[in-house]
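coords-v2.txt follows (compact mmCIF, C-alpha atoms):
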```
# COMPACT_ATOMS: atom_id res chain seq x y z
CA MET A 1006 139.97 109.96 186.34
CA LYS A 1007 137.13 111.15 184.10
CA PHE A 1008 133.87 109.22 183.91
CA GLU A 1009 134.62 107.33 180.70
CA THR A 1010 137.95 106.13 182.11
CA GLN A 1011 136.43 105.09 185.43
CA ALA A 1012 133.73 103.08 183.66
CA ILE A 1013 136.41 100.97 182.01
CA HIS A 1014 138.96 100.72 184.81
CA ALA A 1015 137.42 101.30 188.27
CA GLY A 1016 137.41 98.01 190.19
CA GLN A 1017 138.74 96.23 187.10
CA ASP A 1018 142.51 95.85 187.43
CA PRO A 1019 144.07 93.12 185.28
CA ASP A 1020 143.93 89.71 186.92
CA PRO A 1021 147.09 89.35 189.06
CA LEU A 1022 147.50 85.64 188.21
CA THR A 1023 147.08 85.65 184.44
CA GLY A 1024 147.08 89.31 183.42
CA ALA A 1025 143.57 89.01 181.93
CA VAL A 1026 142.32 92.54 181.23
CA VAL A 1027 138.68 91.55 181.87
CA PRO A 1028 137.77 90.53 185.44
CA PRO A 1029 137.07 86.78 185.60
CA ILE A 1030 133.65 85.33 186.28
CA TYR A 1031 134.12 83.67 189.66
CA GLN A 1032 131.33 81.16 189.07
CA THR A 1033 131.62 79.50 192.45
CA SER A 1034 129.39 79.10 195.45
CA THR A 1035 132.12 78.50 198.04
CA TYR A 1036 135.87 78.92 198.64
CA LYS A 1037 138.62 76.73 200.08
CA GLN A 1038 139.75 77.94 203.47
CA ASP A 1039 143.32 77.70 204.73
CA GLY A 1040 142.36 76.18 208.04
CA VAL A 1041 139.20 76.82 210.01
CA GLY A 1042 138.35 80.50 209.65
CA GLY A 1043 141.36 81.10 207.42
CA THR A 1044 139.69 82.70 204.42
CA ARG A 1045 141.57 84.04 201.41
CA GLY A 1046 140.72 87.68 200.92
CA GLY A 1047 137.72 87.30 203.18
CA TYR A 1048 135.81 85.06 200.76
CA GLU A 1049 133.92 82.14 202.26
CA TYR A 1050 130.56 81.90 200.44
CA SER A 1051 129.34 83.75 197.36
CA ARG A 1052 126.19 85.12 198.97
CA SER A 1053 128.45 86.92 201.42
CA GLY A 1054 131.04 88.01 198.87
CA ASN A 1055 132.25 87.28 195.36
CA PRO A 1056 135.19 88.89 193.51
CA THR A 1057 133.16 89.56 190.36
CA ARG A 1058 130.41 91.25 192.34
CA LYS A 1059 133.01 93.21 194.27
CA ALA A 1060 134.48 94.53 191.01
CA LEU A 1061 131.05 95.75 189.92
CA GLU A 1062 130.37 97.36 193.29
CA GLU A 1063 133.70 99.20 193.25
CA CYS A 1064 133.01 100.45 189.74
CA LEU A 1065 129.51 101.71 190.59
CA ALA A 1066 130.75 103.45 193.73
CA ALA A 1067 133.35 105.28 191.64
CA LEU A 1068 130.86 106.27 188.93
CA GLU A 1069 128.40 107.74 191.45
CA ASN A 1070 131.20 109.24 193.56
CA GLY A 1071 129.98 107.28 196.59
CA ALA A 1072 131.62 105.66 199.58
CA ALA A 1073 130.35 102.15 198.83
CA ALA A 1074 128.02 100.26 196.50
CA PHE A 1075 125.97 97.08 196.86
CA ALA A 1076 124.86 94.95 193.91
CA PHE A 1077 121.58 93.02 193.99
CA ALA A 1078 119.62 90.54 191.91
CA SER A 1079 117.17 93.26 190.81
CA GLY A 1080 116.33 96.89 191.38
CA MET A 1081 113.42 95.87 193.59
CA ALA A 1082 115.70 93.68 195.71
CA ALA A 1083 117.94 96.71 196.19
CA GLU A 1084 115.00 98.91 197.19
CA ASP A 1085 113.63 96.31 199.60
CA CYS A 1086 116.99 95.82 201.33
CA LEU A 1087 117.52 99.57 201.64
CA LEU A 1088 114.09 100.25 203.11
CA ARG A 1089 114.30 97.39 205.60
CA THR A 1090 117.71 98.67 206.65
CA LEU A 1091 116.71 102.31 207.12
CA CYS A 1092 113.09 101.96 208.27
CA ARG A 1093 111.33 100.34 211.19
CA PRO A 1094 107.62 99.69 211.84
CA GLY A 1095 105.98 103.02 212.57
CA ASP A 1096 108.26 105.02 210.25
CA HIS A 1097 106.87 107.24 207.52
CA VAL A 1098 108.18 107.86 203.97
CA LEU A 1099 107.34 110.53 201.39
CA ILE A 1100 107.26 109.20 197.83
CA PRO A 1101 106.69 110.98 194.50
CA ALA A 1102 103.22 111.48 193.07
CA ASP A 1103 104.81 110.27 189.82
CA ALA A 1104 106.90 107.16 190.47
CA TYR A 1105 107.70 103.74 189.06
CA GLY A 1106 104.80 101.35 189.56
CA GLY A 1107 107.00 98.69 191.14
CA THR A 1108 108.23 101.14 193.77
CA PHE A 1109 104.65 102.14 194.57
CA ARG A 1110 103.66 98.45 194.81
CA LEU A 1111 106.49 97.80 197.27
CA PHE A 1112 105.34 100.59 199.56
CA ASP A 1113 101.60 100.00 199.13
CA LYS A 1114 101.39 96.22 199.20
CA VAL A 1115 104.49 95.05 201.12
CA LEU A 1116 105.97 97.66 203.44
CA SER A 1117 102.59 98.97 204.59
CA ARG A 1118 101.91 95.50 206.05
CA TRP A 1119 105.20 95.80 207.89
CA GLY A 1120 104.06 99.05 209.52
CA VAL A 1121 105.88 101.54 207.28
CA SER A 1122 103.45 104.19 206.06
CA TYR A 1123 103.87 106.37 203.01
CA GLU A 1124 102.42 109.53 201.53
CA THR A 1125 102.55 110.77 197.95
CA VAL A 1126 103.53 114.36 197.30
CA ARG A 1127 104.42 116.36 194.22
CA GLN A 1128 108.14 116.83 194.61
CA ASP A 1129 108.34 119.69 192.11
CA ASP A 1130 106.35 121.62 194.74
CA LEU A 1131 108.97 122.05 197.47
CA GLN A 1132 106.56 123.87 199.75
CA ALA A 1133 104.21 120.90 199.64
CA VAL A 1134 107.10 118.58 200.45
CA ASP A 1135 108.15 120.81 203.32
CA ARG A 1136 104.62 120.86 204.76
CA ALA A 1137 104.28 117.09 204.49
CA ALA A 1138 107.66 116.57 206.14
CA ALA A 1139 106.85 118.99 208.95
CA ASN A 1140 103.55 117.21 209.57
CA ARG A 1141 104.77 113.60 209.70
CA LYS A 1142 108.57 113.75 210.20
CA PRO A 1143 109.44 111.09 207.62
CA LYS A 1144 112.38 108.75 208.01
CA LEU A 1145 113.30 109.41 204.40
CA ILE A 1146 112.14 111.08 201.22
CA TRP A 1147 112.15 108.90 198.12
CA ALA A 1148 112.75 110.71 194.84
CA GLU A 1149 112.99 109.98 191.12
CA THR A 1150 114.33 112.38 188.52
CA PRO A 1151 113.48 112.18 185.70
CA THR A 1152 110.35 110.45 186.96
CA ASN A 1153 108.82 107.34 185.45
CA PRO A 1154 106.84 107.72 183.19
CA LEU A 1155 105.97 111.44 183.07
CA LEU A 1156 109.60 112.64 183.09
CA SER A 1157 109.21 115.34 185.72
CA ILE A 1158 112.46 116.92 186.91
CA ILE A 1159 113.07 117.26 190.65
CA ASP A 1160 115.55 119.70 192.19
CA ILE A 1161 117.79 117.24 194.03
CA ARG A 1162 119.79 119.88 195.89
CA ALA A 1163 116.69 121.72 197.14
CA LEU A 1164 114.89 118.49 198.04
CA GLY A 1165 117.93 117.34 199.98
CA GLU A 1166 117.87 120.56 201.98
CA VAL A 1167 114.21 120.01 202.81
CA ALA A 1168 114.83 116.40 203.82
CA HIS A 1169 117.84 117.16 205.98
CA GLY A 1170 116.05 120.11 207.56
CA HIS A 1171 113.48 117.66 208.91
CA GLY A 1172 116.00 115.01 209.92
CA ALA A 1173 115.21 112.75 206.95
CA LEU A 1174 117.46 111.06 204.40
CA LEU A 1175 117.09 111.65 200.68
CA VAL A 1176 117.07 108.54 198.47
CA THR A 1177 117.19 109.19 194.72
CA ASP A 1178 116.35 106.66 192.01
CA ASN A 1179 118.85 107.55 189.28
CA THR A 1180 117.86 104.80 186.84
CA PHE A 1181 116.51 107.05 184.08
CA ALA A 1182 119.51 109.40 184.09
CA SER A 1183 122.34 106.96 184.86
CA PRO A 1184 125.48 108.21 186.63
CA TYR A 1185 126.78 109.49 183.30
CA LEU A 1186 124.08 112.15 183.07
CA GLN A 1187 123.55 112.89 186.77
CA ARG A 1188 125.24 112.32 190.12
CA PRO A 1189 122.66 112.77 192.89
CA LEU A 1190 125.17 112.22 195.71
CA ASP A 1191 127.09 115.28 194.55
CA LEU A 1192 123.83 117.27 194.66
CA GLY A 1193 122.88 116.33 198.23
CA ALA A 1194 121.26 112.89 198.09
CA ASP A 1195 122.27 110.34 200.72
CA VAL A 1196 121.63 107.14 198.76
CA VAL A 1197 121.30 106.40 195.04
CA VAL A 1198 119.22 103.48 193.74
CA HIS A 1199 119.59 101.88 190.31
CA SER A 1200 117.91 99.19 188.34
CA THR A 1201 121.16 98.16 186.66
CA THR A 1202 118.96 96.16 184.28
CA LYS A 1203 118.43 99.42 182.42
CA TYR A 1204 121.08 101.82 181.12
CA ILE A 1205 123.99 100.52 183.20
CA GLY A 1206 123.65 96.97 181.85
CA GLY A 1207 122.37 98.43 178.62
CA HIS A 1208 121.77 95.32 176.51
CA SER A 1209 118.51 93.80 177.85
CA ASP A 1210 120.33 90.61 178.80
CA VAL A 1211 120.64 90.88 182.58
CA VAL A 1212 118.50 91.84 185.59
CA GLY A 1213 120.13 93.63 188.50
CA GLY A 1214 120.01 96.47 190.99
CA ALA A 1215 122.37 98.56 193.07
CA LEU A 1216 122.60 100.93 196.02
CA ILE A 1217 125.34 103.54 196.35
CA VAL A 1218 125.76 105.45 199.61
CA LYS A 1219 127.27 108.89 200.09
CA ASP A 1220 129.17 108.10 203.27
CA ALA A 1221 130.00 105.09 205.39
CA ALA A 1222 127.30 105.60 208.02
CA HIS A 1223 125.01 102.84 206.77
CA THR A 1224 127.46 100.57 204.97
CA ALA A 1225 127.82 98.01 207.77
CA ASP A 1226 124.05 97.62 208.18
CA LEU A 1227 123.49 97.40 204.43
CA ALA A 1228 126.25 94.82 204.03
CA PHE A 1229 124.75 92.76 206.85
CA ASN A 1230 121.23 92.87 205.38
CA GLN A 1231 122.48 92.23 201.85
CA ASN A 1232 124.01 89.00 203.12
CA ALA A 1233 121.18 88.14 205.52
CA THR A 1234 118.37 88.56 203.00
CA GLY A 1235 120.42 87.10 200.14
CA GLY A 1236 119.08 88.96 197.11
CA VAL A 1237 122.56 89.43 195.69
CA ALA A 1238 123.76 89.69 192.11
CA GLY A 1239 125.14 86.39 190.84
CA PRO A 1240 128.68 86.36 189.43
CA PHE A 1241 127.63 86.04 185.77
CA ASP A 1242 125.01 88.78 186.17
CA ALA A 1243 127.62 91.01 187.81
CA TRP A 1244 130.03 90.30 184.96
CA LEU A 1245 127.42 91.13 182.30
CA THR A 1246 126.57 94.38 184.07
CA LEU A 1247 130.24 95.28 184.38
CA ARG A 1248 130.71 94.60 180.67
CA GLY A 1249 127.76 96.83 179.86
CA VAL A 1250 128.90 99.74 182.00
CA LYS A 1251 132.13 100.07 180.00
CA THR A 1252 130.17 101.57 177.09
CA LEU A 1253 127.67 103.55 179.17
CA ALA A 1254 129.01 106.95 178.16
CA VAL A 1255 129.00 106.37 174.41
CA ARG A 1256 125.61 104.67 174.54
CA MET A 1257 124.02 107.48 176.55
CA ASP A 1258 125.27 110.09 174.10
CA ARG A 1259 123.47 108.25 171.30
CA HIS A 1260 120.34 107.60 173.40
CA CYS A 1261 120.09 111.31 174.17
CA ALA A 1262 120.66 112.43 170.60
CA ASN A 1263 118.04 110.05 169.23
CA ALA A 1264 115.50 110.88 171.94
CA ALA A 1265 115.82 114.60 171.20
CA ARG A 1266 114.96 114.01 167.55
CA VAL A 1267 112.04 111.74 168.44
CA ALA A 1268 110.62 114.29 170.89
CA GLU A 1269 110.91 117.08 168.34
CA MET A 1270 109.08 115.04 165.71
CA LEU A 1271 106.30 114.03 168.12
CA THR A 1272 105.78 117.61 169.24
CA GLY A 1273 104.62 118.57 165.76
CA HIS A 1274 102.58 115.44 164.98
CA PRO A 1275 98.78 115.89 164.71
CA ALA A 1276 98.07 112.51 166.34
CA VAL A 1277 99.96 113.53 169.51
CA SER A 1278 98.34 115.74 172.14
CA GLU A 1279 101.25 116.14 174.57
CA VAL A 1280 104.94 115.24 174.73
CA PHE A 1281 106.96 114.72 177.90
CA TYR A 1282 110.70 115.22 177.42
CA PRO A 1283 112.91 117.51 179.56
CA GLY A 1284 114.97 118.45 176.51
CA LEU A 1285 112.06 120.42 175.07
CA SER A 1286 112.23 124.12 175.90
CA GLY A 1287 108.56 124.08 176.90
CA HIS A 1288 109.04 121.34 179.50
CA PRO A 1289 108.55 122.85 183.00
CA GLY A 1290 111.75 121.21 184.23
CA HIS A 1291 113.88 122.10 181.21
CA GLU A 1292 116.13 124.69 182.86
CA LEU A 1293 116.56 122.59 186.00
CA ALA A 1294 117.48 119.56 183.90
CA LYS A 1295 120.09 121.66 182.09
CA ALA A 1296 121.56 122.64 185.46
CA GLN A 1297 121.80 119.21 187.11
CA MET A 1298 122.11 116.82 184.14
CA ARG A 1299 124.74 116.43 181.43
CA ASP A 1300 122.00 115.78 178.84
CA PHE A 1301 118.28 115.03 178.84
CA GLY A 1302 118.20 111.23 178.63
CA GLY A 1303 116.79 108.62 176.30
CA MET A 1304 113.19 108.38 177.57
CA VAL A 1305 110.26 110.09 175.85
CA SER A 1306 106.57 109.83 176.77
CA PHE A 1307 103.59 111.18 174.86
CA ARG A 1308 99.80 111.11 174.84
CA VAL A 1309 97.79 109.99 171.83
CA ALA A 1310 95.06 112.44 170.91
CA ALA A 1311 92.56 109.73 169.94
CA GLY A 1312 92.66 108.06 173.36
CA GLU A 1313 93.51 104.80 175.11
CA ARG A 1314 92.50 102.37 172.36
CA ALA A 1315 94.39 104.35 169.73
CA ALA A 1316 97.48 104.36 171.97
CA ALA A 1317 97.33 100.56 172.20
CA GLU A 1318 97.03 100.35 168.42
CA VAL A 1319 100.06 102.59 167.94
CA CYS A 1320 102.07 100.28 170.23
CA GLY A 1321 101.02 97.32 168.10
CA ARG A 1322 101.98 98.90 164.77
CA THR A 1323 105.63 99.74 165.34
CA ARG A 1324 108.25 97.64 163.53
CA VAL A 1325 111.55 98.92 164.92
CA PHE A 1326 110.27 99.87 168.38
CA ILE A 1327 109.61 96.58 170.19
CA LEU A 1328 106.48 96.32 172.33
CA GLY A 1329 107.83 95.40 175.73
CA GLU A 1330 108.47 96.50 179.28
CA SER A 1331 111.81 97.69 180.69
CA LEU A 1332 114.04 100.34 179.17
CA GLY A 1333 117.62 101.44 178.69
CA GLY A 1334 118.75 98.78 176.23
CA VAL A 1335 120.39 99.42 172.88
CA GLU A 1336 117.10 98.52 171.15
CA SER A 1337 114.11 100.87 171.18
CA LEU A 1338 111.05 99.81 173.20
CA ILE A 1339 107.47 101.06 173.28
CA GLU A 1340 104.80 100.45 175.92
CA GLN A 1341 101.50 101.68 177.32
CA PRO A 1342 102.26 102.29 181.02
CA ALA A 1343 98.66 102.27 182.29
CA ARG A 1344 98.25 98.69 181.09
CA MET A 1345 101.82 97.50 181.53
CA THR A 1346 104.56 98.88 183.83
CA HIS A 1347 102.21 101.05 185.92
CA ALA A 1348 99.14 98.81 186.06
CA SER A 1349 99.75 98.38 189.81
CA ALA A 1350 99.13 102.12 190.28
CA SER A 1351 95.64 101.99 188.76
CA GLY A 1352 93.12 103.74 191.00
CA SER A 1353 95.85 105.29 193.16
CA PRO A 1354 97.22 108.85 193.25
CA LEU A 1355 99.99 107.58 190.96
CA GLU A 1356 97.63 106.46 188.19
CA VAL A 1357 98.94 107.51 184.78
CA PRO A 1358 96.89 108.63 181.76
CA ALA A 1359 95.42 105.72 179.82
CA ASP A 1360 96.42 107.29 176.50
CA LEU A 1361 100.08 107.61 177.51
CA ILE A 1362 102.86 105.87 175.57
CA ARG A 1363 106.40 105.56 176.93
CA LEU A 1364 109.38 105.17 174.62
CA SER A 1365 112.82 103.93 175.51
CA VAL A 1366 114.72 105.35 172.57
CA GLY A 1367 117.57 103.07 171.56
CA ILE A 1368 120.74 103.65 169.59
CA GLU A 1369 119.50 102.61 166.14
CA ASP A 1370 119.66 105.03 163.22
CA ALA A 1371 117.45 107.97 164.17
CA SER A 1372 115.80 108.22 160.74
CA ASP A 1373 114.58 104.63 161.03
CA LEU A 1374 113.07 105.39 164.43
CA LEU A 1375 111.31 108.49 163.12
CA ASP A 1376 109.93 106.67 160.10
CA ASP A 1377 108.67 103.85 162.33
CA LEU A 1378 106.82 106.20 164.66
CA ARG A 1379 105.31 108.17 161.78
CA GLN A 1380 103.86 105.06 160.17
CA ALA A 1381 102.59 103.75 163.53
CA LEU A 1382 100.87 107.05 164.27
CA GLY A 1383 99.31 107.02 160.83
```

Just give me the structure of the file as structure tokens.
Amino acid sequence: MKFETQAIHAGQDPDPLTGAVVPPIYQTSTYKQDGVGGTRGGYEYSRSGNPTRKALEECLAALENGAAAFAFASGMAAEDCLLRTLCRPGDHVLIPADAYGGTFRLFDKVLSRWGVSYETVRQDDLQAVDRAAANRKPKLIWAETPTNPLLSIIDIRALGEVAHGHGALLVTDNTFASPYLQRPLDLGADVVVHSTTKYIGGHSDVVGGALIVKDAAHTADLAFNQNATGGVAGPFDAWLTLRGVKTLAVRMDRHCANAARVAEMLTGHPAVSEVFYPGLSGHPGHELAKAQMRDFGGMVSFRVAAGERAAAEVCGRTRVFILGESLGGVESLIEQPARMTHASASGSPLEVPADLIRLSVGIEDASDLLDDLRQALG
């Protein structure tokens, strides 16, 4: 089945009892057993397994073309479970020099205390990655593409070859692209990470995360740790995410179309000094993005020529773009990463420019979005 069909049907057969075409919300904590140890369908307790969560996991596995998926209460819960499954004290990880602030915080403030070290490296420089991997023999290489918030494009296939050549796994955060625009497992990644809060859920009404693995090698350990640590997606959250994913394809088409128009307008605006969007022909990753993505995504970042204070003022003047963190919802959002989503990276190698603004371009009428940005920029 094609992507759009899978998004609507994978893991979502009509209910065998009633014929309901939408999977039920199994809002239960426990299940009646038919005698001691006699579970129905293997369900005994909803932390360990829930039919609504299972439907979401089967759908996500199909969309990423993976062997199995695991749904969590947040993207960070998914990352934490993955890293504690794959890594042990003394292991080393290579992370991007341009990465989500929450991911950096997890490595820098949590896992480092557990004895897992990390090193930042520019992943668009494959020779630098190769040297770093040869020097420290990392357990895994953590990648984002497009990156958050500077929208760099990383060659997943080439990075996978580097990782595997040094005995490491490649983990790719696919949140910005979504499985509709990019399938990292098909390009050589071993594990895909999502904040399903973003494009997959798509309506800013649910928080969640997911892991999708390429093969079955780590599924048993991940399933054990998912249950043991307990950061699972609740049944209603799983249902909301599953509802959102049905329209992922049509939403992403509109996100991409609107973002392209926004980026083009910003490129010619005198108040803007630099625009970051892989759909622009001058973007250094433009050709690579064309090769490994269906389209260029709905995220646009830009720098304000007048500096940090002016950038904050622009964020405060928009009327359609809502000042807020997160991304990927149907509504457009605006934020200043250095003081919001990436504040935890201040003073680190991942520090972002203070005059940077990040846009999550929604699916509103594009002319309204352009008019709003023009008036905010003055």

*Which of these residues is nearest to A:Gly1284, using all atoms listed in the file: A:Leu1156, A:Cys1320, A:Leu1338, A:Val1196?*
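Checking each candidate against A:Gly1284, we get A:Leu1156 as the closest.
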
_Can you tell me which residues surround stretch 1084-1090 of chain A at a distance of at most 10 Å, considering all atoms listed in the file, apart from same-chain residues fewer than 5 positions away, and format the answer as a ChimeraX atom specification?_
/A:1077,1079,1098,1108,1111-1112,1115-1116,1119,1121,1144-1145,1176,1178,1196,1198-1200,1214-1216,1223,1226-1236

May I have a table of the residues of stretch 1066-1151 of chain A lying at most 12 Å from stretch 1351-1360 of chain A, giving each one's closest pair of atoms and their distance in Å to one decimal, counting only C-alpha atoms, ordered by chain and ascending residue number, as CSV?
```
residue,atom,partner,partner_atom,distance
A:Ile1100,CA,A:Leu1355,CA,10.1
A:Pro1101,CA,A:Leu1355,CA,8.3
A:Ala1102,CA,A:Leu1355,CA,5.5
A:Asp1103,CA,A:Leu1355,CA,5.6
A:Ala1104,CA,A:Leu1355,CA,6.9
A:Tyr1105,CA,A:Leu1355,CA,8.8
A:Gly1106,CA,A:Leu1355,CA,8.0
A:Gly1107,CA,A:Leu1355,CA,11.3
A:Thr1108,CA,A:Leu1355,CA,10.8
A:Phe1109,CA,A:Leu1355,CA,8.0
A:Arg1110,CA,A:Ser1353,CA,10.5
A:Asp1113,CA,A:Ser1353,CA,9.8
A:Glu1124,CA,A:Pro1354,CA,9.8
A:Thr1125,CA,A:Pro1354,CA,7.4
A:Val1126,CA,A:Pro1354,CA,9.3
A:Arg1127,CA,A:Leu1355,CA,10.4
```

*asked:* Need the shell around stretch 1289-1299 of chain A: protein/DNA/RNA residues with any atom at most 6 Å away, counting all atoms listed in the file. Skip same-chain ones fewer than 6 positions apart. Format as a count of residues only?
replied: 4

*Which polymer residues have any atom within 10 Å of an atom of A:Thr1010, counting all atoms listed in the file, with same-chain residues fewer than 5 positions away left out, as a list in words?*
Ala1015, Leu1068, Lys1251 and Ala1254 of chain A

_Could you list, as a ChimeraX atom specification, every residue within 8 Å of A:Ile1368, counting only C-alpha atoms and ignoring same-chain residues fewer than 2 positions away?_
/A:1256,1259-1260,1263,1335-1337,1366,1370-1371

_Using all atoms listed in the file: which of A:Ala1067, A:Met1081, A:Ile1362, A:Leu1378 has the shortest distance to A:Gln1341_ =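 Checking each of A:Ala1067, A:Met1081, A:Ile1362, A:Leu1378 against A:Gln1341, counting all atoms listed in the file, the winner is A:Ile1362.
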
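Of note, atom CA of A:Ile1327 and atom CA of A:Ala1238 are spaced 27.0 Å apart.
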
_For A:Tyr1185, the nearest of the candidates A:Val1255, A:Lys1114, A:Ile1013, A:Leu1091, counting only C-alpha atoms_ = A:Val1255

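For the atom pair formed by atom CA of A:Val1167 and atom CA of A:Arg1093, the distance is 21.6 Å, given to one decimal.
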
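Taking all atoms listed in the file, the non-local environment of A:Gly1333 within 9 Å (same-chain residues fewer than 4 positions away omitted) comprises Thr1180, Phe1181, Thr1202, Lys1203, Tyr1204, Ile1205, Gly1206, Gly1207, His1208, Ser1209, His1260, Gly1303, Met1304, Ser1337, Leu1338, Ser1365, Val1366 and Gly1367 of chain A.
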
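Shortest atom-to-atom contact with A:Leu1361 among A:Leu1131, A:Leu1328, A:Ala1315, A:Ile1217: A:Ala1315, counting all atoms listed in the file.
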
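Distance-wise, atom CA of A:Arg1141 and atom CA of A:Asp1096 end up 9.3 Å apart.
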
*Taking into account all atoms listed in the file, which residue in the set A:Phe1075, A:Trp1147, A:Phe1241, A:Tyr1123 is nearest to A:Pro1029?*
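Going through A:Phe1075, A:Trp1147, A:Phe1241, A:Tyr1123 one by one, the smallest distance to A:Pro1029 is for A:Phe1241.
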